[in-house]
Amino acid sequence: MKKNTISRLILLISLFLSIFGCGRLNLIKTNFEHQFKTNYKIAQSVRASVGDTMIKIENVFRKAVFTPKYEYTTPGQGIILKPGEKWISMYEIVGQDGYVIYKHDSKLGYQFIHIKSDGTIGMGWFDIDFAQSNPPYQSEWTKEQLFERAESENEIGSFVCELIYSGLSGRTIRISYREFSNDMARPAFYQDLTYELTESDTITFKSLRIKIFEATNSSIVFSVEEDKDLPWVPRK
């Protein structure tokens with residue numbers, strides 16, 4: 001085989017690898033951030049007004065969410081990014097810093113952008129089908145921080161419940177229980193509760209033992225004395 005033919009063959013193989021091999025990136029789905037928390041501490045007295053949440057328990061799963069810091073027109077497509085928009089992290093790229101974030105638009109469909117963990121642009125527009133960025137626009141993005149962390153939304157599997165003070169009638173206190181779950185098969189649940197304080201200043205709800213120090217038609221002072229590690233709260 002002639003030397004020129006071999007050189008051309010090597011060049012063609014290199015070109016093929018650069019297009020169909022090296023251009024692809026290895027994506028992994030971002031992990032959920034799990035958080036279990038309550039708004040109370042055992043034996044600590046708290047005052048709540050009528051309509052306020054007395055007790056809140058959260059077992060939530062979230063993904064990192066970002067929003068533009070300022071209005072910005074993207075290069076290439078000329079799409080306007082606006083503060084308040086929620087871009088949800090979907091993937092991380094093996095060997096790369098940051099996230100591939102996405103937003104769904106009713107007209108444009110799903111849009112994907114690769115950003116670095118500090119909120120600056122990484123690879124820019126991202127093509128999920130081919131797992132690669134859109135190189136022509138990459139260098140034209142702003143070098144300033146464009147995205148910042150936003151309040152995350154609860155994902156499927158999350159559970160939140162609240163006890164809300166509803167007032168006093170005679171020596172009877174009224175409390176509303178609300179339960180929310182990010183599961184389409186499990187609707188929100190509401191329950192109105194009443195407790196007589198004539199015999200005891202301690203009430204119970206599921207595993208919660210609550211001591212009432214003062215109750216009026218406008219506010220309540222109480223403490224959670226025991227919760228037994230909340231065995232009734234869904235854990236995943």
# chains A, B, ... in the order shown; residues from 1 in each chain; ligands from 1
call {"tool": "select_by_dssp", "arguments": {"residues": "stretch 34-176 of chain A", "states": "strand (DSSP E)", "output": "NGL selection string"}}
result
:A and (34-38 or 46-49 or 53-62 or 65-68 or 72-73 or 80-81 or 87-93 or 99-105 or 109-115 or 121-127 or 132-133 or 147-149 or 159-169 or 172-176)
call {"tool": "residues_around", "arguments": {"residues": "A:Ser223", "least_positions_apart": "4", "cutoff": "6 Å", "atoms": "only C-alpha atoms", "output": "list of chain:residue names"}}
result
A:Ala43, A:Gln44, A:Ser45, A:Ile210, A:Lys211
call {"tool": "residues_around", "arguments": {"residues": "A:Lys82", "least_positions_apart": "2", "cutoff": "8 Å", "atoms": "only C-alpha atoms", "output": "ChimeraX atom specification"}}
result
/A:67-72,80,84-85
call {"tool": "select_by_dssp", "arguments": {"residues": "stretch 24-217 of chain A", "states": "alpha helix (DSSP H)", "output": "mmCIF file with N, CA and C atoms, in the first residue's frame"}}
result
data_model
loop_
_atom_site.group_PDB
_atom_site.id
_atom_site.type_symbol
_atom_site.label_atom_id
_atom_site.label_comp_id
_atom_site.auth_asym_id
_atom_site.auth_seq_id
_atom_site.Cartn_x
_atom_site.Cartn_y
_atom_site.Cartn_z
ATOM 1 N N PRO A 135 -21.367 23.201 19.722
ATOM 2 C CA PRO A 135 -20.105 23.959 19.714
ATOM 3 C C PRO A 135 -20.152 25.362 19.102
ATOM 4 N N PRO A 136 -20.909 25.610 18.008
ATOM 5 C CA PRO A 136 -20.848 26.944 17.395
ATOM 6 C C PRO A 136 -21.208 28.087 18.336
ATOM 7 N N TYR A 137 -22.039 27.806 19.370
ATOM 8 C CA TYR A 137 -22.497 28.877 20.261
ATOM 9 C C TYR A 137 -21.766 28.900 21.589
ATOM 10 N N GLN A 138 -20.933 27.896 21.829
ATOM 11 C CA GLN A 138 -20.336 27.733 23.157
ATOM 12 C C GLN A 138 -19.538 28.950 23.601
#
call {"tool": "closest_residue", "arguments": {"among": "A:Val94, A:Leu168, A:Ile113, A:Leu108", "to": "A:Leu197", "atoms": "only C-alpha atoms"}}
result
A:Leu168
call {"tool": "residues_around", "arguments": {"residues": "A:Phe180", "least_positions_apart": "4", "cutoff": "6 Å", "atoms": "only C-alpha atoms", "output": "number ranges by chain"}}
result
A: 159-160, 188
call {"tool": "residues_around", "arguments": {"residues": "A:Thr53", "least_positions_apart": "5", "cutoff": "12 Å", "atoms": "only C-alpha atoms", "output": "list in words"}}
result
Thr38, Asn39, Tyr40, Val46, Arg47, Ala48, Cys161, Glu162, Leu163, Ile164, Tyr165, Ser166, Ile175, Ser176, Tyr177, Arg178, Ser219 and Ile220 of chain A
call {"tool": "write_last_selection", "arguments": {"atoms": "C-alpha atoms", "output": "tab-separated table (two decimals), in the first residue's frame"}}
result
chain	number	residue	atom	x	y	z
A	38	THR	CA	-39.19	18.85	61.54
A	39	ASN	CA	-39.89	22.41	62.65
A	40	TYR	CA	-39.79	21.55	66.36
A	46	VAL	CA	-43.50	27.44	70.87
A	47	ARG	CA	-46.28	29.96	70.27
A	48	ALA	CA	-48.46	29.77	67.15
A	161	CYS	CA	-47.56	17.06	56.78
A	162	GLU	CA	-48.68	19.93	59.03
A	163	LEU	CA	-50.74	20.51	62.16
A	164	ILE	CA	-52.37	23.96	62.02
A	165	TYR	CA	-53.98	25.74	64.96
A	166	SER	CA	-57.63	26.57	64.25
A	175	ILE	CA	-56.42	21.65	64.98
A	176	SER	CA	-56.31	20.90	61.25
A	177	TYR	CA	-54.10	18.16	59.86
A	178	ARG	CA	-52.85	18.43	56.26
A	219	SER	CA	-52.91	31.69	69.78
A	220	ILE	CA	-51.53	28.57	71.43
call {"tool": "closest_residue", "arguments": {"among": "A:Ser49, A:Thr142, A:Ser89, A:Gln132", "to": "A:Ser117", "atoms": "only C-alpha atoms"}}
result
A:Ser89
call {"tool": "closest_residue", "arguments": {"among": "A:Gln35, A:Pro75, A:Ser158, A:Ser106", "to": "A:Pro234", "atoms": "only C-alpha atoms"}}
result
A:Ser158
call {"tool": "closest_residue", "arguments": {"among": "A:Asp118, A:Asp192, A:Asp97, A:Asp201", "to": "A:Phe147", "atoms": "only C-alpha atoms"}}
result
A:Asp118
call {"tool": "closest_residue", "arguments": {"among": "A:Gln145, A:Gln111, A:Asn31, A:Ser152", "to": "A:Phe66", "atoms": "only C-alpha atoms"}}
result
A:Ser152
call {"tool": "residues_around", "arguments": {"residues": "A:Asn26", "least_positions_apart": "3", "cutoff": "12 Å", "atoms": "only C-alpha atoms", "output": "number ranges by chain"}}
result
A: 21-23, 29, 91-96, 100, 128-132
call {"tool": "write_last_selection", "arguments": {"atoms": "N, CA and C atoms", "output": "PDB file, in the first residue's frame"}}
result
ATOM      1  N   GLY A  21     -17.101   9.088  17.831  1.00  0.00           N
ATOM      2  CA  GLY A  21     -16.620   8.492  19.074  1.00  0.00           C
ATOM      3  C   GLY A  21     -16.355   9.513  20.132  1.00  0.00           C
ATOM      4  N   CYS A  22     -15.332  10.347  19.930  1.00  0.00           N
ATOM      5  CA  CYS A  22     -14.892  11.296  20.949  1.00  0.00           C
ATOM      6  C   CYS A  22     -15.905  12.386  21.215  1.00  0.00           C
ATOM      7  N   GLY A  23     -16.814  12.639  20.250  1.00  0.00           N
ATOM      8  CA  GLY A  23     -17.783  13.715  20.427  1.00  0.00           C
ATOM      9  C   GLY A  23     -18.861  13.389  21.431  1.00  0.00           C
ATOM     10  N   LYS A  29     -27.572  10.433  35.531  1.00  0.00           N
ATOM     11  CA  LYS A  29     -28.655  11.234  36.098  1.00  0.00           C
ATOM     12  C   LYS A  29     -28.233  11.818  37.439  1.00  0.00           C
ATOM     13  N   TYR A  91     -28.884  15.849  34.365  1.00  0.00           N
ATOM     14  CA  TYR A  91     -27.716  14.987  34.195  1.00  0.00           C
ATOM     15  C   TYR A  91     -26.458  15.673  34.713  1.00  0.00           C
ATOM     16  N   GLU A  92     -25.478  14.848  35.042  1.00  0.00           N
ATOM     17  CA  GLU A  92     -24.107  15.284  35.208  1.00  0.00           C
ATOM     18  C   GLU A  92     -23.286  14.588  34.128  1.00  0.00           C
ATOM     19  N   ILE A  93     -22.188  15.201  33.736  1.00  0.00           N
ATOM     20  CA  ILE A  93     -21.338  14.638  32.694  1.00  0.00           C
ATOM     21  C   ILE A  93     -20.087  14.082  33.346  1.00  0.00           C
ATOM     22  N   VAL A  94     -19.815  12.826  33.082  1.00  0.00           N
ATOM     23  CA  VAL A  94     -18.633  12.181  33.663  1.00  0.00           C
ATOM     24  C   VAL A  94     -17.381  12.939  33.230  1.00  0.00           C
ATOM     25  N   GLY A  95     -16.590  13.359  34.235  1.00  0.00           N
ATOM     26  CA  GLY A  95     -15.351  14.074  33.956  1.00  0.00           C
ATOM     27  C   GLY A  95     -15.522  15.559  33.726  1.00  0.00           C
ATOM     28  N   GLN A  96     -16.760  16.061  33.847  1.00  0.00           N
ATOM     29  CA  GLN A  96     -17.017  17.483  33.639  1.00  0.00           C
ATOM     30  C   GLN A  96     -17.675  18.076  34.882  1.00  0.00           C
ATOM     31  N   VAL A 100     -26.323  19.316  33.404  1.00  0.00           N
ATOM     32  CA  VAL A 100     -27.168  19.591  32.240  1.00  0.00           C
ATOM     33  C   VAL A 100     -28.546  19.887  32.807  1.00  0.00           C
ATOM     34  N   ILE A 128     -29.367  16.280  24.017  1.00  0.00           N
ATOM     35  CA  ILE A 128     -29.457  15.054  24.798  1.00  0.00           C
ATOM     36  C   ILE A 128     -29.413  13.819  23.904  1.00  0.00           C
ATOM     37  N   ASP A 129     -30.067  13.877  22.744  1.00  0.00           N
ATOM     38  CA  ASP A 129     -30.110  12.712  21.857  1.00  0.00           C
ATOM     39  C   ASP A 129     -28.718  12.260  21.437  1.00  0.00           C
ATOM     40  N   PHE A 130     -27.821  13.230  21.202  1.00  0.00           N
ATOM     41  CA  PHE A 130     -26.464  12.890  20.777  1.00  0.00           C
ATOM     42  C   PHE A 130     -25.450  13.035  21.906  1.00  0.00           C
ATOM     43  N   ALA A 131     -25.931  13.456  23.106  1.00  0.00           N
ATOM     44  CA  ALA A 131     -25.067  13.624  24.282  1.00  0.00           C
ATOM     45  C   ALA A 131     -23.851  14.474  23.961  1.00  0.00           C
ATOM     46  N   GLN A 132     -24.096  15.625  23.341  1.00  0.00           N
ATOM     47  CA  GLN A 132     -22.993  16.538  23.059  1.00  0.00           C
ATOM     48  C   GLN A 132     -23.505  17.978  23.028  1.00  0.00           C
TER      49      GLN A 132
END
call {"tool": "closest_residue", "arguments": {"among": "A:Gly119, A:Ile212, A:Tyr190, A:Ile173", "to": "A:Val50", "atoms": "only C-alpha atoms"}}
result
A:Ile173
